[in-house]
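Enquirer: Shown below is the structure under consideration.
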Amino acid sequence: MEQLLPKPTVEKLWNDSIPLKNFHIFHNRRSIALAMDEGGWAVDRSQMDSLLVENAQSRGVEFLSPAKAKLTACDSHRRSVEVIVDGAAQTLRAKVIIIACGLGNQAAGPFEQFQSTSAQNSRLGVEAVFDTFPADYRSGDLAMAIGSHGYVGLTHIGNDRLHVAAALDRATLQNLGPQAAVDQMIQQAGAPGLPQSNVTWRGTPPLTAGAASIAEDQVFVIGDAAGYVEPFTGEGLRWALENGVGVAPFVIAAADRWQPQIAEDYRLWYRRTIAARQKLCRRLSHGLKRAPVRWVAHQALRLRPALADSIIKQLNS
Ligand SMILES: Cc1cc2nc3c(=O)[nH]c(=O)nc-3n(C[C@H](O)[C@H](O)[C@H](O)COP(=O)(O)OP(=O)(O)OC[C@H]3O[C@@H](n4cnc5c(N)ncnc54)[C@H](O)[C@@H]3O)c2cc1C
């Protein structure tokens, strides 16, 4: 029988959310705890998603779920999208289309320029939520264990659970599987172990990917579908939300009258805001793949903890 869950409210989301105050790095059996001035919040993703949908619906958005959408054609005035709901296909036509399909690729249909392609050697992500929060971790910490084949972030989330998300080299993940690969990184780093319970691990497509074109002919691509890099302190949601808000003026202008300059302006805005922060993230995770860089970074942060705060602020500013 389907369990009836309490309806999410904004108050409940905030009550269940936990402010992040420290960035606690574990590496090579040593650890540093760095204060985060504007550390963000650990939120329950399903609650937040439900509230976003509800909010959109209250403003007139029609939400079809589950649905599969695919860009199909364009003529001089309208773009077409095929939407399949309950096995029945319908074609919707609109002046402007926004592709926001995450790291998946099917929404772009045959339009290769909007499809996301992954970078060579990109790491893969895995995620799990444990029902217990180990006493050795601290609430309000974003703990990060850095190993030789990736890194794993651990956070206390509502209802005393532990959220674990890792970026891992493909070969390690294939050889060991998610649980053993994450355990190995945690051990190498000297971080407290995971709770002894069975969890379901969720995998992701390659974590560094991007579309060749993020705006063209009345189509905009946003969020992970536009571009994503291996996250460092959990920036993905922030970038996706910022992109959703940021694309609005361009969409409004395009719905009024499409001009190629609108695409040009959006690309420029995206480069200056989201892509600029992703570039820093990419450099950090690329650097951390090399042992000497990891060692130097660790020493630098021990001597100058303010460095981390400045980096986190730049990533999330
Ligand atoms: C395992 C994992 C852990 C993460 N942990 C964090 C974290 O701790 N902090 C953080 O900030 N970020 C995290 N992220 C990243 C964050 O989830 C994403 O950056 C963010 O959700 C991107 O938002 P989006 O709207 O672009 O895509 P998504 O949130 O992926 O949304 C895309 C939606 O489109 C739907 N869709 C796809 N194709 C179609 C189609 N053809 N038709 C209809 N619908 C379609 C999908 O089902 C999905 O609902 C994590 C990601 C993963 C995968």
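Naming scheme: A, B, ... for chains in displayed order of the structure tokens; residues 1 onward per chain; ligands 1 onward as shown.
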Considering only C-alpha atoms and all ligand atoms, give me a table of residues in chain A that are at most 7 Å from ligand 1, with the closest atom pair and distance in Å for each, as JSON lines.
Expert:
```
{"residue": "A:Ala67", "atom": "CA", "partner": "ligand 1", "partner_atom_place_in_ligand_line": "43 (C)", "distance": 5.3}
{"residue": "A:Lys68", "atom": "CA", "partner": "ligand 1", "partner_atom_place_in_ligand_line": "42 (N)", "distance": 3.5}
{"residue": "A:Ala69", "atom": "CA", "partner": "ligand 1", "partner_atom_place_in_ligand_line": "42 (N)", "distance": 3.8}
{"residue": "A:Lys70", "atom": "CA", "partner": "ligand 1", "partner_atom_place_in_ligand_line": "41 (N)", "distance": 5.6}
{"residue": "A:Ala100", "atom": "CA", "partner": "ligand 1", "partner_atom_place_in_ligand_line": "26 (O)", "distance": 5.3}
{"residue": "A:Cys101", "atom": "CA", "partner": "ligand 1", "partner_atom_place_in_ligand_line": "34 (O)", "distance": 3.6}
{"residue": "A:Gly102", "atom": "CA", "partner": "ligand 1", "partner_atom_place_in_ligand_line": "27 (O)", "distance": 3.4}
{"residue": "A:Leu103", "atom": "CA", "partner": "ligand 1", "partner_atom_place_in_ligand_line": "30 (O)", "distance": 6.0}
{"residue": "A:Gly104", "atom": "CA", "partner": "ligand 1", "partner_atom_place_in_ligand_line": "37 (C)", "distance": 5.5}
{"residue": "A:Asn105", "atom": "CA", "partner": "ligand 1", "partner_atom_place_in_ligand_line": "38 (N)", "distance": 6.5}
{"residue": "A:Gln106", "atom": "CA", "partner": "ligand 1", "partner_atom_place_in_ligand_line": "41 (N)", "distance": 4.6}
{"residue": "A:Ala107", "atom": "CA", "partner": "ligand 1", "partner_atom_place_in_ligand_line": "41 (N)", "distance": 3.8}
{"residue": "A:Gly125", "atom": "CA", "partner": "ligand 1", "partner_atom_place_in_ligand_line": "1 (C)", "distance": 5.7}
{"residue": "A:Val126", "atom": "CA", "partner": "ligand 1", "partner_atom_place_in_ligand_line": "1 (C)", "distance": 5.0}
{"residue": "A:Glu127", "atom": "CA", "partner": "ligand 1", "partner_atom_place_in_ligand_line": "1 (C)", "distance": 4.3}
{"residue": "A:Ala165", "atom": "CA", "partner": "ligand 1", "partner_atom_place_in_ligand_line": "3 (C)", "distance": 5.4}
{"residue": "A:Arg202", "atom": "CA", "partner": "ligand 1", "partner_atom_place_in_ligand_line": "1 (C)", "distance": 6.0}
{"residue": "A:Gly203", "atom": "CA", "partner": "ligand 1", "partner_atom_place_in_ligand_line": "1 (C)", "distance": 6.0}
{"residue": "A:Thr204", "atom": "CA", "partner": "ligand 1", "partner_atom_place_in_ligand_line": "53 (C)", "distance": 4.9}
{"residue": "A:Ile222", "atom": "CA", "partner": "ligand 1", "partner_atom_place_in_ligand_line": "26 (O)", "distance": 6.3}
{"residue": "A:Gly223", "atom": "CA", "partner": "ligand 1", "partner_atom_place_in_ligand_line": "26 (O)", "distance": 3.3}
{"residue": "A:Asp224", "atom": "CA", "partner": "ligand 1", "partner_atom_place_in_ligand_line": "26 (O)", "distance": 3.9}
{"residue": "A:Ala225", "atom": "CA", "partner": "ligand 1", "partner_atom_place_in_ligand_line": "26 (O)", "distance": 5.8}
{"residue": "A:Gly234", "atom": "CA", "partner": "ligand 1", "partner_atom_place_in_ligand_line": "9 (N)", "distance": 3.6}
{"residue": "A:Glu235", "atom": "CA", "partner": "ligand 1", "partner_atom_place_in_ligand_line": "11 (O)", "distance": 4.2}
{"residue": "A:Gly236", "atom": "CA", "partner": "ligand 1", "partner_atom_place_in_ligand_line": "19 (O)", "distance": 3.2}
{"residue": "A:Leu237", "atom": "CA", "partner": "ligand 1", "partner_atom_place_in_ligand_line": "11 (O)", "distance": 3.7}
{"residue": "A:Arg238", "atom": "CA", "partner": "ligand 1", "partner_atom_place_in_ligand_line": "11 (O)", "distance": 5.7}
{"residue": "A:Trp239", "atom": "CA", "partner": "ligand 1", "partner_atom_place_in_ligand_line": "19 (O)", "distance": 6.9}
{"residue": "A:Ala240", "atom": "CA", "partner": "ligand 1", "partner_atom_place_in_ligand_line": "23 (O)", "distance": 4.8}
```
Enquirer: For the selection just defined, write its residues with N, CA and C atoms to a file, as an mmCIF file, in the first residue's frame.
Expert:
```cif
data_model
loop_
_atom_site.group_PDB
_atom_site.id
_atom_site.type_symbol
_atom_site.label_atom_id
_atom_site.label_comp_id
_atom_site.auth_asym_id
_atom_site.auth_seq_id
_atom_site.Cartn_x
_atom_site.Cartn_y
_atom_site.Cartn_z
ATOM 1 N N ALA A 67 6.697 12.081 -17.728
ATOM 2 C CA ALA A 67 6.574 12.428 -19.148
ATOM 3 C C ALA A 67 7.955 12.364 -19.797
ATOM 4 N N LYS A 68 7.973 12.095 -21.065
ATOM 5 C CA LYS A 68 9.236 12.060 -21.801
ATOM 6 C C LYS A 68 9.121 13.060 -22.940
ATOM 7 N N ALA A 69 10.011 14.025 -22.967
ATOM 8 C CA ALA A 69 9.918 15.067 -23.995
ATOM 9 C C ALA A 69 11.110 14.985 -24.940
ATOM 10 N N LYS A 70 10.847 15.347 -26.203
ATOM 11 C CA LYS A 70 11.931 15.309 -27.193
ATOM 12 C C LYS A 70 11.705 16.424 -28.212
ATOM 13 N N ALA A 100 16.069 21.370 -20.037
ATOM 14 C CA ALA A 100 16.592 21.321 -18.663
ATOM 15 C C ALA A 100 16.545 19.865 -18.198
ATOM 16 N N CYS A 101 17.143 18.980 -19.011
ATOM 17 C CA CYS A 101 16.970 17.539 -18.763
ATOM 18 C C CYS A 101 18.108 16.949 -17.943
ATOM 19 N N GLY A 102 18.902 17.778 -17.288
ATOM 20 C CA GLY A 102 19.978 17.254 -16.467
ATOM 21 C C GLY A 102 21.063 16.611 -17.317
ATOM 22 N N LEU A 103 21.742 15.628 -16.718
ATOM 23 C CA LEU A 103 22.863 15.007 -17.428
ATOM 24 C C LEU A 103 22.399 14.007 -18.490
ATOM 25 N N GLY A 104 21.120 13.678 -18.479
ATOM 26 C CA GLY A 104 20.582 12.780 -19.522
ATOM 27 C C GLY A 104 20.557 13.498 -20.852
ATOM 28 N N ASN A 105 20.294 12.752 -21.913
ATOM 29 C CA ASN A 105 20.514 13.341 -23.231
ATOM 30 C C ASN A 105 19.335 13.311 -24.172
ATOM 31 N N GLN A 106 18.215 12.701 -23.707
ATOM 32 C CA GLN A 106 17.197 12.383 -24.706
ATOM 33 C C GLN A 106 16.351 13.571 -25.140
ATOM 34 N N ALA A 107 16.284 14.615 -24.340
ATOM 35 C CA ALA A 107 15.376 15.722 -24.645
ATOM 36 C C ALA A 107 15.781 16.483 -25.904
ATOM 37 N N GLY A 125 29.688 9.709 -10.721
ATOM 38 C CA GLY A 125 29.194 10.015 -9.380
ATOM 39 C C GLY A 125 28.394 8.855 -8.808
ATOM 40 N N VAL A 126 28.428 8.713 -7.476
ATOM 41 C CA VAL A 126 27.521 7.779 -6.788
ATOM 42 C C VAL A 126 26.998 8.481 -5.548
ATOM 43 N N GLU A 127 25.810 8.087 -5.147
ATOM 44 C CA GLU A 127 25.173 8.763 -4.013
ATOM 45 C C GLU A 127 24.359 7.761 -3.208
ATOM 46 N N ALA A 165 27.944 11.488 -1.156
ATOM 47 C CA ALA A 165 28.028 11.630 -2.623
ATOM 48 C C ALA A 165 29.503 11.641 -3.003
ATOM 49 N N ARG A 202 23.028 5.178 -5.913
ATOM 50 C CA ARG A 202 22.518 5.685 -7.187
ATOM 51 C C ARG A 202 23.713 6.192 -7.969
ATOM 52 N N GLY A 203 23.812 5.820 -9.236
ATOM 53 C CA GLY A 203 24.956 6.267 -10.031
ATOM 54 C C GLY A 203 24.591 7.423 -10.940
ATOM 55 N N THR A 204 25.590 8.101 -11.472
ATOM 56 C CA THR A 204 25.331 9.216 -12.390
ATOM 57 C C THR A 204 26.086 8.974 -13.700
ATOM 58 N N ILE A 222 19.779 24.763 -20.217
ATOM 59 C CA ILE A 222 20.147 25.273 -18.887
ATOM 60 C C ILE A 222 20.509 24.112 -17.936
ATOM 61 N N GLY A 223 21.083 24.487 -16.802
ATOM 62 C CA GLY A 223 21.390 23.505 -15.751
ATOM 63 C C GLY A 223 22.457 22.519 -16.197
ATOM 64 N N ASP A 224 22.388 21.313 -15.646
ATOM 65 C CA ASP A 224 23.398 20.292 -15.972
ATOM 66 C C ASP A 224 23.443 20.008 -17.464
ATOM 67 N N ALA A 225 22.297 20.151 -18.155
ATOM 68 C CA ALA A 225 22.255 19.849 -19.590
ATOM 69 C C ALA A 225 23.160 20.811 -20.362
ATOM 70 N N GLY A 234 29.448 20.649 -3.602
ATOM 71 C CA GLY A 234 28.008 20.517 -3.840
ATOM 72 C C GLY A 234 27.427 21.751 -4.494
ATOM 73 N N GLU A 235 28.013 22.144 -5.650
ATOM 74 C CA GLU A 235 27.581 23.403 -6.273
ATOM 75 C C GLU A 235 26.460 23.218 -7.287
ATOM 76 N N GLY A 236 26.184 21.971 -7.695
ATOM 77 C CA GLY A 236 25.293 21.740 -8.840
ATOM 78 C C GLY A 236 23.942 22.404 -8.731
ATOM 79 N N LEU A 237 23.308 22.252 -7.571
ATOM 80 C CA LEU A 237 21.968 22.818 -7.407
ATOM 81 C C LEU A 237 21.987 24.329 -7.486
ATOM 82 N N ARG A 238 22.984 24.898 -6.878
ATOM 83 C CA ARG A 238 23.123 26.354 -6.875
ATOM 84 C C ARG A 238 23.239 26.874 -8.316
ATOM 85 N N TRP A 239 24.113 26.218 -9.097
ATOM 86 C CA TRP A 239 24.275 26.657 -10.487
ATOM 87 C C TRP A 239 22.973 26.470 -11.269
ATOM 88 N N ALA A 240 22.305 25.336 -11.044
ATOM 89 C CA ALA A 240 21.080 25.059 -11.810
ATOM 90 C C ALA A 240 19.994 26.086 -11.470
#
```
Enquirer: Looking only at the backbone, which of the residues in stretch 67-169 of chain A does DSSP tag as strand (DSSP E), as a PyMOL selection string?
Expert: chain A and resi 67-74+79-85+88-94+97-99+116-118+124-130+141-147+150-157+161-168
Enquirer: Please list as number ranges by chain every residue within 12 Å of A:Val182, counting only C-alpha atoms and excluding residues in the same chain fewer than 5 positions away.
Expert: A: 125-128, 144-154, 164-169, 172-173, 176-177, 187-189, 191-194, 201
Enquirer: In Å, how far is it from atom CA of A:Met185 to atom CA of A:Arg29?
Expert: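 These two atoms are separated by 10.8 Å.
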Enquirer: Please list as an mmCIF file with C-alpha atoms, in the first residue's frame every residue within 9 Å of stretch 257-262 of chain A, counting only C-alpha atoms and excluding residues in the same chain fewer than 4 positions away.
Expert:
```cif
data_model
loop_
_atom_site.group_PDB
_atom_site.id
_atom_site.type_symbol
_atom_site.label_atom_id
_atom_site.label_comp_id
_atom_site.auth_asym_id
_atom_site.auth_seq_id
_atom_site.Cartn_x
_atom_site.Cartn_y
_atom_site.Cartn_z
ATOM 1 C CA HIS A 77 8.054 30.664 -35.971
ATOM 2 C CA LYS A 95 7.866 30.052 -29.443
ATOM 3 C CA VAL A 96 10.671 29.162 -27.044
ATOM 4 C CA ALA A 215 21.292 28.762 -27.274
ATOM 5 C CA GLU A 216 20.165 28.736 -30.887
ATOM 6 C CA ASP A 217 16.967 29.117 -32.904
ATOM 7 C CA GLN A 218 14.524 29.688 -30.005
ATOM 8 C CA PHE A 250 16.419 36.023 -22.488
ATOM 9 C CA VAL A 251 13.370 33.738 -22.772
ATOM 10 C CA ILE A 252 10.999 36.697 -22.363
ATOM 11 C CA ALA A 253 12.844 38.611 -25.094
ATOM 12 C CA TYR A 266 22.722 34.449 -23.187
ATOM 13 C CA ARG A 267 25.965 32.669 -24.066
#
```
Enquirer: Report the distance between atom CA of A:Gln115 and atom CA of A:Ala211 in Å, rounded to one decimal place.
Expert: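 Atom-to-atom, atom CA of A:Gln115 to atom CA of A:Ala211, that is 5.3 Å.
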Enquirer: Which residues come within 10 Å of A:Asp160, counting only C-alpha atoms, excluding same-chain residues fewer than 4 positions away, as a JSON list (two decimals) with C-alpha atoms, in the first residue's frame?
Expert:
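Final output, part.json:
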```
[["chain", "number", "residue", "atom", "x", "y", "z"],
["A", 16, "ASP", "CA", 14.53, 19.98, 8.28],
["A", 130, "PHE", "CA", 22.14, 6.21, 5.29],
["A", 131, "ASP", "CA", 19.37, 6.06, 7.88],
["A", 132, "THR", "CA", 21.74, 6.73, 10.75],
["A", 133, "PHE", "CA", 24.14, 9.59, 11.35],
["A", 134, "PRO", "CA", 27.46, 8.34, 12.83],
["A", 139, "SER", "CA", 26.21, 18.02, 12.19],
["A", 156, "HIS", "CA", 24.16, 15.37, 7.99]]
```
Enquirer: Can you tell me, as a VMD selection string, what residues are no more than 12 Å from A:Ser17 when counting only C-alpha atoms, ignoring any on the same chain fewer than 4 positions away?
Expert: chain A and resid 10 to 13 40 to 45 47 to 48 139 to 140 155 to 161
Enquirer: Keeping only N, CA and C atoms, write those residues as a short mmCIF file (atom, residue, chain, number, x, y, z; two decimals), in the first residue's frame.
Expert:
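Below is the file part_17.cif, written as the result:
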```
data_model
loop_
_atom_site.label_atom_id
_atom_site.label_comp_id
_atom_site.auth_asym_id
_atom_site.auth_seq_id
_atom_site.Cartn_x
_atom_site.Cartn_y
_atom_site.Cartn_z
N VAL A 10 7.25 25.07 2.86
CA VAL A 10 8.52 25.80 2.93
C VAL A 10 9.05 25.77 4.36
N GLU A 11 8.13 25.89 5.34
CA GLU A 11 8.55 25.89 6.75
C GLU A 11 9.22 24.56 7.09
N LYS A 12 8.59 23.46 6.60
CA LYS A 12 9.13 22.14 6.92
C LYS A 12 10.52 21.98 6.27
N LEU A 13 10.64 22.49 5.03
CA LEU A 13 11.93 22.38 4.35
C LEU A 13 13.02 23.07 5.18
N GLY A 40 26.09 27.59 3.03
CA GLY A 40 24.93 26.97 2.40
C GLY A 40 24.17 26.08 3.38
N TRP A 41 23.28 25.28 2.83
CA TRP A 41 22.39 24.45 3.64
C TRP A 41 22.34 23.04 3.09
N ALA A 42 22.21 22.07 4.00
CA ALA A 42 21.95 20.70 3.56
C ALA A 42 20.44 20.52 3.55
N VAL A 43 19.86 20.36 2.36
CA VAL A 43 18.39 20.28 2.25
C VAL A 43 17.97 18.90 1.77
N ASP A 44 16.71 18.58 2.04
CA ASP A 44 16.15 17.33 1.55
C ASP A 44 15.71 17.57 0.10
N ARG A 45 16.39 16.87 -0.83
CA ARG A 45 16.18 17.14 -2.26
C ARG A 45 14.73 16.87 -2.69
N GLN A 47 11.99 17.00 -0.94
CA GLN A 47 11.10 18.07 -0.43
C GLN A 47 11.25 19.32 -1.29
N MET A 48 12.53 19.66 -1.59
CA MET A 48 12.76 20.89 -2.35
C MET A 48 12.16 20.79 -3.76
N SER A 139 27.28 17.36 12.90
CA SER A 139 26.21 18.02 12.19
C SER A 139 26.69 19.44 11.83
N GLY A 140 26.35 19.90 10.64
CA GLY A 140 26.77 21.24 10.22
C GLY A 140 28.13 21.25 9.53
N THR A 155 27.44 14.55 4.55
CA THR A 155 26.71 15.62 5.24
C THR A 155 25.55 15.06 6.05
N HIS A 156 25.32 15.70 7.17
CA HIS A 156 24.16 15.37 7.99
C HIS A 156 22.94 16.00 7.32
N ILE A 157 21.91 15.20 7.04
CA ILE A 157 20.66 15.78 6.54
C ILE A 157 19.52 15.46 7.51
N GLY A 158 18.37 16.09 7.27
CA GLY A 158 17.23 15.97 8.20
C GLY A 158 16.92 14.54 8.60
N ASN A 159 16.23 14.40 9.71
CA ASN A 159 15.85 13.09 10.27
C ASN A 159 17.07 12.22 10.57
N ASP A 160 18.14 12.88 10.99
CA ASP A 160 19.35 12.17 11.43
C ASP A 160 19.88 11.17 10.42
N ARG A 161 19.97 11.61 9.16
CA ARG A 161 20.50 10.72 8.14
C ARG A 161 21.85 11.25 7.63
#
```
Enquirer: With distances taken over only C-alpha atoms, which of A:Pro195, A:Ser65, A:Ala108, A:Ala180 is nearest to A:Ser80?
Expert: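 Using only C-alpha atoms, A:Ser80 sits closest to A:Ala108.
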Enquirer: From the set A:Thr72, A:Asn243, A:Thr208, A:Thr9, which residue has the shortest atom-to-atom contact distance to A:Ser116, counting only C-alpha atoms?
Expert: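 Checking each candidate against A:Ser116, we get A:Thr208 as the closest.
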Enquirer: Quick one: pick out all helix (DSSP H, G or I) residues within stretch 117-195 of chain A from a backbone DSSP run and write them as a PyMOL selection string.
Expert: chain A and resi 170-176+178-189
Enquirer: Output C-alpha atoms for every residue in that selection, as a PDB file, in the first residue's frame.
Expert:
```pdb
ATOM      1  CA  ARG A 170      35.605   4.927 -13.686  1.00  0.00           C
ATOM      2  CA  ALA A 171      38.021   1.976 -13.315  1.00  0.00           C
ATOM      3  CA  THR A 172      37.859   2.050  -9.506  1.00  0.00           C
ATOM      4  CA  LEU A 173      34.086   2.120  -9.571  1.00  0.00           C
ATOM      5  CA  GLN A 174      33.943  -0.747 -12.065  1.00  0.00           C
ATOM      6  CA  ASN A 175      36.446  -2.882 -10.125  1.00  0.00           C
ATOM      7  CA  LEU A 176      35.173  -2.327  -6.608  1.00  0.00           C
ATOM      8  CA  PRO A 178      30.235   1.896  -5.123  1.00  0.00           C
ATOM      9  CA  GLN A 179      30.270   0.812  -1.480  1.00  0.00           C
ATOM     10  CA  ALA A 180      33.794  -0.671  -1.497  1.00  0.00           C
ATOM     11  CA  ALA A 181      35.176   2.208  -3.586  1.00  0.00           C
ATOM     12  CA  VAL A 182      33.765   4.800  -1.175  1.00  0.00           C
ATOM     13  CA  ASP A 183      34.959   2.775   1.849  1.00  0.00           C
ATOM     14  CA  GLN A 184      38.435   2.652   0.331  1.00  0.00           C
ATOM     15  CA  MET A 185      38.583   6.445  -0.123  1.00  0.00           C
ATOM     16  CA  ILE A 186      37.347   7.023   3.403  1.00  0.00           C
ATOM     17  CA  GLN A 187      39.996   4.659   4.785  1.00  0.00           C
ATOM     18  CA  GLN A 188      42.800   6.221   2.725  1.00  0.00           C
ATOM     19  CA  ALA A 189      41.766   9.679   3.916  1.00  0.00           C
TER      20      ALA A 189
END
```
Enquirer: What gap, in Å, lies between atom CA of A:Phe23 and atom CA of A:Ala143?
Expert: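 Calculated distance between atom CA of A:Phe23 and atom CA of A:Ala143 is 6.0 Å.
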